[in-house]
Amino acid sequence: MLVLITYDVNTEDAAGRKRLRKVAKECVNYGQRVQNSVFECLLDAAQYAMLKHRLEGLIDKGKDSLRFYNLGNRYQGRIEHIGAKAGYEPEGVLML
């Protein structure tokens, strides 16, 4: 399933900036950054539960927020891209 993850981390202090880096790094391990605080992650149910748990443990729930949008397995018709930065195919070949 494709899950869109967005976050807003308060970076007014050093601890917030550290949380932001940790949240971004965790998301990079599971998906593709499509905008500054937005990731598209192709996950199975177990990966989704693990990532959600890890991210919840990283944020300060009084200052930060996470949003998870489950686009499901038939997500192709639910995404429309306009503008710069060409899209990518989450299930396509990844070249490193």
# chains A, B, ... in the order shown; residues from 1 in each chain; ligands from 1
>>> residues_around(residues="region 38-42 of chain A", least_positions_apart="4", cutoff="7 Å", atoms="only C-alpha atoms", output="list in words")
Met1, Leu2, Val3, Leu4, Ile5, Thr6, Tyr7, Cys27, Tyr30, Gly31, Gln32, Arg33, Val34 and Pro90 of chain A
>>> write_last_selection(atoms="N, CA, C and O atoms", output="PDB file, in the first residue's frame")
ATOM      1  N   MET A   1       0.846  -1.180   0.000  1.00  0.00           N
ATOM      2  CA  MET A   1       0.000   0.000   0.000  1.00  0.00           C
ATOM      3  C   MET A   1       0.881   1.228   0.000  1.00  0.00           C
ATOM      4  O   MET A   1       1.979   1.209   0.541  1.00  0.00           O
ATOM      5  N   LEU A   2       0.397   2.272  -0.623  1.00  0.00           N
ATOM      6  CA  LEU A   2       1.135   3.533  -0.634  1.00  0.00           C
ATOM      7  C   LEU A   2       0.608   4.400   0.494  1.00  0.00           C
ATOM      8  O   LEU A   2      -0.602   4.605   0.625  1.00  0.00           O
ATOM      9  N   VAL A   3       1.520   4.877   1.333  1.00  0.00           N
ATOM     10  CA  VAL A   3       1.164   5.751   2.444  1.00  0.00           C
ATOM     11  C   VAL A   3       1.894   7.069   2.254  1.00  0.00           C
ATOM     12  O   VAL A   3       3.110   7.089   2.033  1.00  0.00           O
ATOM     13  N   LEU A   4       1.157   8.148   2.324  1.00  0.00           N
ATOM     14  CA  LEU A   4       1.729   9.486   2.268  1.00  0.00           C
ATOM     15  C   LEU A   4       1.913   9.944   3.707  1.00  0.00           C
ATOM     16  O   LEU A   4       0.957   9.932   4.490  1.00  0.00           O
ATOM     17  N   ILE A   5       3.123  10.313   4.064  1.00  0.00           N
ATOM     18  CA  ILE A   5       3.422  10.745   5.426  1.00  0.00           C
ATOM     19  C   ILE A   5       3.864  12.195   5.384  1.00  0.00           C
ATOM     20  O   ILE A   5       4.747  12.560   4.611  1.00  0.00           O
ATOM     21  N   THR A   6       3.217  13.011   6.203  1.00  0.00           N
ATOM     22  CA  THR A   6       3.606  14.411   6.325  1.00  0.00           C
ATOM     23  C   THR A   6       3.901  14.690   7.790  1.00  0.00           C
ATOM     24  O   THR A   6       3.335  14.054   8.676  1.00  0.00           O
ATOM     25  N   TYR A   7       4.783  15.640   8.023  1.00  0.00           N
ATOM     26  CA  TYR A   7       5.106  15.982   9.405  1.00  0.00           C
ATOM     27  C   TYR A   7       5.410  17.457   9.521  1.00  0.00           C
ATOM     28  O   TYR A   7       5.811  18.116   8.557  1.00  0.00           O
ATOM     29  N   CYS A  27      11.978   8.418   7.746  1.00  0.00           N
ATOM     30  CA  CYS A  27      11.127   8.370   6.553  1.00  0.00           C
ATOM     31  C   CYS A  27      11.924   7.996   5.310  1.00  0.00           C
ATOM     32  O   CYS A  27      11.435   7.236   4.465  1.00  0.00           O
ATOM     33  N   TYR A  30      12.229   4.387   4.508  1.00  0.00           N
ATOM     34  CA  TYR A  30      11.041   3.664   4.070  1.00  0.00           C
ATOM     35  C   TYR A  30      10.423   4.173   2.772  1.00  0.00           C
ATOM     36  O   TYR A  30       9.547   3.521   2.219  1.00  0.00           O
ATOM     37  N   GLY A  31      10.821   5.360   2.331  1.00  0.00           N
ATOM     38  CA  GLY A  31      10.147   5.897   1.158  1.00  0.00           C
ATOM     39  C   GLY A  31      10.925   6.972   0.439  1.00  0.00           C
ATOM     40  O   GLY A  31      12.114   7.172   0.662  1.00  0.00           O
ATOM     41  N   GLN A  32      10.207   7.697  -0.387  1.00  0.00           N
ATOM     42  CA  GLN A  32      10.773   8.736  -1.246  1.00  0.00           C
ATOM     43  C   GLN A  32      10.244  10.102  -0.820  1.00  0.00           C
ATOM     44  O   GLN A  32       9.036  10.287  -0.709  1.00  0.00           O
ATOM     45  N   ARG A  33      11.166  11.038  -0.595  1.00  0.00           N
ATOM     46  CA  ARG A  33      10.752  12.407  -0.287  1.00  0.00           C
ATOM     47  C   ARG A  33      10.195  13.026  -1.564  1.00  0.00           C
ATOM     48  O   ARG A  33      10.841  13.009  -2.600  1.00  0.00           O
ATOM     49  N   VAL A  34       8.975  13.569  -1.481  1.00  0.00           N
ATOM     50  CA  VAL A  34       8.377  14.219  -2.644  1.00  0.00           C
ATOM     51  C   VAL A  34       8.246  15.723  -2.446  1.00  0.00           C
ATOM     52  O   VAL A  34       8.097  16.458  -3.420  1.00  0.00           O
ATOM     53  N   PRO A  90       6.761   4.430  -7.632  1.00  0.00           N
ATOM     54  CA  PRO A  90       7.175   3.758  -6.393  1.00  0.00           C
ATOM     55  C   PRO A  90       7.513   2.287  -6.573  1.00  0.00           C
ATOM     56  O   PRO A  90       8.359   1.754  -5.864  1.00  0.00           O
TER      57      PRO A  90
END
>>> residues_around(residues="region 8-22 of chain A", least_positions_apart="5", cutoff="8 Å", atoms="only C-alpha atoms", output="list in words")
Ser37, Leu58, Ile59, Lys63, Asp64, Ser65 and Leu66 of chain A
>>> write_last_selection(atoms="N, CA and C atoms", output="CSV table (one decimal), in the first residue's frame")
chain,number,residue,atom,x,y,z
A,37,SER,N,8.6,18.1,3.7
A,37,SER,CA,8.2,17.3,4.8
A,37,SER,C,7.1,16.3,4.4
A,58,LEU,N,9.5,9.4,18.1
A,58,LEU,CA,10.5,10.5,17.8
A,58,LEU,C,10.0,11.9,18.1
A,59,ILE,N,8.7,12.1,17.9
A,59,ILE,CA,8.2,13.5,18.0
A,59,ILE,C,7.8,13.9,19.4
A,63,LYS,N,4.3,19.5,20.6
A,63,LYS,CA,4.8,20.5,19.7
A,63,LYS,C,4.8,20.2,18.2
A,64,ASP,N,4.8,18.9,17.9
A,64,ASP,CA,5.0,18.4,16.6
A,64,ASP,C,3.7,17.6,16.1
A,65,SER,N,3.6,17.4,14.8
A,65,SER,CA,2.5,16.6,14.3
A,65,SER,C,2.9,15.7,13.2
A,66,LEU,N,2.2,14.6,13.1
A,66,LEU,CA,2.4,13.6,12.0
A,66,LEU,C,1.0,13.4,11.3
>>> closest_residue(among="A:Leu43, A:Ala84, A:Val28, A:Leu55", to="Gly72 (chain A)", atoms="only C-alpha atoms")
A:Leu43
>>> residues_around(residues="Arg54 (chain A)", least_positions_apart="6", cutoff="10 Å", atoms="only C-alpha atoms", output="PDB file with C-alpha atoms, in the first residue's frame")
ATOM      1  CA  VAL A  23      11.989  11.995  11.588  1.00  0.00           C
ATOM      2  CA  GLU A  26      13.427   7.465   9.447  1.00  0.00           C
ATOM      3  CA  CYS A  27      11.127   8.370   6.553  1.00  0.00           C
ATOM      4  CA  TYR A  48       3.445   0.615   8.216  1.00  0.00           C
TER       5      TYR A  48
END
